[in-house]
Amino acid sequence: MIPDYYEFCNSTKIVSGTRALEHIGYELAALGASRPLVLTNTQLLELKVATLVLDALADTEAEVVGVYQEIPVDSSASVVDDVARAYRESGADAIVAVGGGSVLDTAKGATIVLSHGGTLMEHRGAESLLGRRAVAFIAIPTTAGTGSEVTSAAVIKDTERHVKMGFTSLSLLPDVAILDPRLTVGLPARLTASTAMDALTHAVEAVSCVQANPLSDCYAKAAIGLIRDHLPAVLDDPQAPAGRLALANAALMAGAAFSNAMVGIVHAMGHAAGGVAGIPHGDAMAVLLPHGMAYNTDAVGDRYGELLLDLAGADVYASTPADERAAASIATVRAMLDMLHTTAGLSVTLGQLGVLPEQIPDIARAALDDGAMSMNPKQPSFEELVGILKGAL
Amino acid sequence: MAGGGWRTKRGRKAVAAVVFAVLGRGLVAAARLDERVRAEAGAWPEGTVITLGIGPFGPQVSWRAGGGMLEYLGGAEVEPTLAVTFKSVDGALPLLLGMKSVLGAFAEHRATVTGDLALAMSFVRCLHIVEGYLFPDLMTRRILPRPAERRAGHLIAYGALVHRRARLEGASS
């Protein structure tokens, strides 16, 4: 069904495939830039992942004016402001962000400050940033999960209030996203599983949230199918470039989907759990996804039922009665989580992730205030959220 | 109303201005009558100014929280802490007339938020409660996330609209 009104934008150029990184010089030149500041973190440099990008840049006409590597696991407003300062002092004319969601979102935050001045905290809001971005921006993900390389959203931690702040603006969409399987073949199994479940959550929530539209549905369902087909194979053979590239594309497609359809209760609870209890985002998504789906079931109609085709394949879909498909979709997600627990050591409860019972009320309160909650098809009360979180404990 | 009624953009803005005036006083009244709004607004930082408006050149309404009070600022020019701004009067009117939900308007990209999104979520919860008082059940069933729960009758709520300031008893302590 076509919504009464919707918007869709995915302006990022996708460069995906074998040795795609080697085109970075061309892409910078196409953007009219020649002095990139590279953002990454120390671990990626030590693992020689970010080095692949630096090596590719060394063979171009561009001059790398600096490598900012002090980006923590959770990007923060103060780090964003410091990156903006480093950019100005370096004389850079582009940002090349190499990393997972934290690095890419830090880069997005820095482009806000560089384009609009002031500090990041002065630019909080949704769809309120107008005008063009003043910085050329290439995003190179080193995990297959956040999809941040094609989203108009950034999540950045307010370390004073211990909350994760959401920023949304089309000006956050990178100019170019480069997917090269060399960047993800070394990911450990647990991180591969956790980030894939993050991508799966993006796709499932994109389908069920109130901004879902025909275009975002296409991206979301394609992403789910890719994860279903390739995640088990990649865990069996982590070095297989084709599988890695498929998962990277799944994360990208899920990102494009949720960038336009938004995410809901699972992310609201996950952001809150991350802020209050410090648990990794992907791990929180994996645990909370089936619980969020169960809560939403009566509000989303047949949408979860439709997803059974993508989650479990044509045979299972065809052999499941229509009125049982939504429940079967949730059961498929639970089975996937159990499989990842066995094969990759993924946690299946919040308790296993270190969340304490006494933290549940604070997580519920923060989830109610999370912007993602506004896009969920059903608005929970505080008491309902506490119940869901206790069920996941 | 301006010539041409609400078929003209000017007429629709005039309708919006009237609704803003009612909504503006309604929120203040709800803060006095309903402990849920009192608790939400009481948690807003001292001096918080929230503006709901239509841009560009449209009407707006603002409130200031402080000293245990919620103050109705009408359409005065202010420096808001949080601004919820509709992109057009046509995007705002369905919401203002109770035909579309607040969250539905956000879902359709009808409005922008400038400021802290957590504060915006609290403000939206207050608007939901106020809508419960201002609109009949026939409409609130369609536009509110759950059935309206009123802590005072419609008539008391409408009567309270004439008060420009309401005490947020105990909310700031």
# chains A, B, ... in the order shown; residues from 1 in each chain; ligands from 1

$ residues_around --residues "Ala203 of chain A" --least-positions-apart "5" --cutoff "9 Å" --atoms "only C-alpha atoms" --output "VMD selection string"
chain A and resid 198 208 216 to 217 219 to 224 251 253 to 255 257 to 258 263

$ select_by_dssp --residues "segment 52-161 of chain B" --states "strand (DSSP E)" --output "ChimeraX atom specification"
/B:52-54,60-66,69-74,82-86,111-114

$ interface_residues --of "chain B" --to "chain A" --cutoff "7 Å" --atoms "only C-alpha atoms" --output "list in words"
Leu103, Ala107, Glu108, Thr112, Val113, Thr114, Gly115, Asp116, Leu117, Ala118, Met121, Ser122 and Pro145 of chain B

$ write_last_selection --atoms "C-alpha atoms" --output "short mmCIF file (atom, residue, chain, number, x, y, z; two decimals), in the first residue's frame"
data_model
loop_
_atom_site.label_atom_id
_atom_site.label_comp_id
_atom_site.auth_asym_id
_atom_site.auth_seq_id
_atom_site.Cartn_x
_atom_site.Cartn_y
_atom_site.Cartn_z
CA LEU B 103 3.52 11.46 15.90
CA ALA B 107 6.20 10.41 10.58
CA GLU B 108 5.21 12.38 7.50
CA THR B 112 11.30 19.83 12.27
CA VAL B 113 12.71 19.80 15.79
CA THR B 114 15.43 22.19 16.90
CA GLY B 115 16.80 21.29 20.31
CA ASP B 116 16.98 18.30 22.63
CA LEU B 117 14.95 15.38 21.24
CA ALA B 118 14.38 13.99 24.76
CA MET B 121 9.48 13.61 23.44
CA SER B 122 8.37 14.96 26.83
CA PRO B 145 -1.44 6.41 21.08
#

$ atom_distance --atom1 "atom CA of Arg12 of chain B" --atom2 "atom CA of Leu27 of chain B"
22.1 Å

$ residues_around --residues "Pro56 of chain B" --least-positions-apart "4" --cutoff "12 Å" --atoms "only C-alpha atoms" --output "list in words"
Lys13, Gln60, Thr85, Phe86, Lys87, Ser88, Val89 and Ala111 of chain B

$ closest_residue --among "B:Ala43, B:Leu93, B:Val22, B:Leu144" --to "Ser62 of chain B" --atoms "only C-alpha atoms"
B:Val22

$ residues_around --residues "Arg142 of chain B" --least-positions-apart "4" --cutoff "8 Å" --atoms "only C-alpha atoms" --output "short mmCIF file (atom, residue, chain, number, x, y, z; two decimals) with N, CA and C atoms, in the first residue's frame"
data_model
loop_
_atom_site.label_atom_id
_atom_site.label_comp_id
_atom_site.auth_asym_id
_atom_site.auth_seq_id
_atom_site.Cartn_x
_atom_site.Cartn_y
_atom_site.Cartn_z
N MET B 99 -7.25 16.00 13.30
CA MET B 99 -7.46 14.99 12.26
C MET B 99 -6.25 14.07 12.11
N LYS B 100 -5.14 14.47 12.66
CA LYS B 100 -3.92 13.66 12.53
C LYS B 100 -3.16 13.72 13.86
N SER B 101 -2.45 12.66 14.18
CA SER B 101 -1.72 12.63 15.45
C SER B 101 -0.42 13.43 15.35
N LEU B 138 -14.26 10.59 20.10
CA LEU B 138 -14.38 10.19 18.70
C LEU B 138 -13.11 10.53 17.93
#

$ atom_distance --atom1 "atom CA of Ile140 of chain A" --atom2 "atom CA of Ala246 of chain A"
15.5 Å

$ residues_around --residues "segment 325-328 of chain A" --least-positions-apart "4" --cutoff "9 Å" --atoms "only C-alpha atoms" --output "list of chain:residue names"
A:Ala294, A:Thr297, A:Gly301, A:Asp302, A:Arg303, A:Tyr304, A:Gly305, A:Glu306, A:Leu307, A:Leu308, A:Ala312, A:Tyr317, A:Thr320, A:Pro321, A:Thr332, A:Val333

$ write_last_selection --atoms "N, CA and C atoms" --output "short mmCIF file (atom, residue, chain, number, x, y, z; two decimals), in the first residue's frame"
data_model
loop_
_atom_site.label_atom_id
_atom_site.label_comp_id
_atom_site.auth_asym_id
_atom_site.auth_seq_id
_atom_site.Cartn_x
_atom_site.Cartn_y
_atom_site.Cartn_z
N ALA A 294 7.63 -8.90 19.43
CA ALA A 294 6.48 -9.48 20.13
C ALA A 294 5.55 -8.39 20.63
N THR A 297 3.55 -6.79 17.64
CA THR A 297 2.83 -7.66 16.72
C THR A 297 1.39 -7.21 16.43
N GLY A 301 -0.05 -5.49 12.04
CA GLY A 301 -0.85 -6.25 11.08
C GLY A 301 -0.05 -7.38 10.46
N ASP A 302 -0.11 -7.48 9.14
CA ASP A 302 0.54 -8.59 8.45
C ASP A 302 2.01 -8.33 8.11
N ARG A 303 2.50 -7.19 8.52
CA ARG A 303 3.86 -6.83 8.08
C ARG A 303 4.90 -7.84 8.53
N TYR A 304 4.82 -8.29 9.79
CA TYR A 304 5.78 -9.31 10.23
C TYR A 304 5.52 -10.62 9.49
N GLY A 305 4.28 -10.90 9.19
CA GLY A 305 3.96 -12.11 8.42
C GLY A 305 4.63 -12.08 7.06
N GLU A 306 4.61 -10.92 6.40
CA GLU A 306 5.28 -10.77 5.08
C GLU A 306 6.77 -11.06 5.20
N LEU A 307 7.35 -10.66 6.34
CA LEU A 307 8.80 -10.81 6.49
C LEU A 307 9.26 -12.26 6.58
N LEU A 308 8.32 -13.17 6.84
CA LEU A 308 8.71 -14.59 6.94
C LEU A 308 9.35 -15.06 5.63
N ALA A 312 12.87 -16.55 6.41
CA ALA A 312 12.97 -18.01 6.43
C ALA A 312 12.98 -18.65 5.04
N TYR A 317 7.71 -20.05 4.14
CA TYR A 317 6.61 -19.08 3.99
C TYR A 317 5.37 -19.77 3.41
N THR A 320 3.51 -22.16 5.81
CA THR A 320 3.00 -21.60 7.07
C THR A 320 1.68 -20.89 6.80
N PRO A 321 0.61 -21.26 7.53
CA PRO A 321 -0.66 -20.56 7.33
C PRO A 321 -0.51 -19.06 7.56
N THR A 332 11.59 -17.28 14.07
CA THR A 332 12.79 -17.40 13.22
C THR A 332 13.92 -16.51 13.74
N VAL A 333 13.54 -15.30 14.18
CA VAL A 333 14.56 -14.40 14.74
C VAL A 333 15.14 -14.99 16.02
#

$ closest_residue --among "A:Thr119, A:Val79, A:Pro36, A:Leu45" --to "Val65 of chain A" --atoms "only C-alpha atoms"
A:Pro36

$ residues_around --residues "segment 47-58 of chain A" --least-positions-apart "4" --cutoff "9 Å" --atoms "only C-alpha atoms" --output "list in words"
Leu21, Glu22, His23, Ile24, Gly25, Val38, Thr40, Asn41, Thr42, Gln43, Ala62, Glu63, Val64, Val98, Gly99, Ile140, Thr142, Arg182, Leu183, Thr184 and Gly186 of chain A

$ atom_distance --atom1 "atom CA of Pro80 of chain B" --atom2 "atom CA of Gly11 of chain B"
26.2 Å
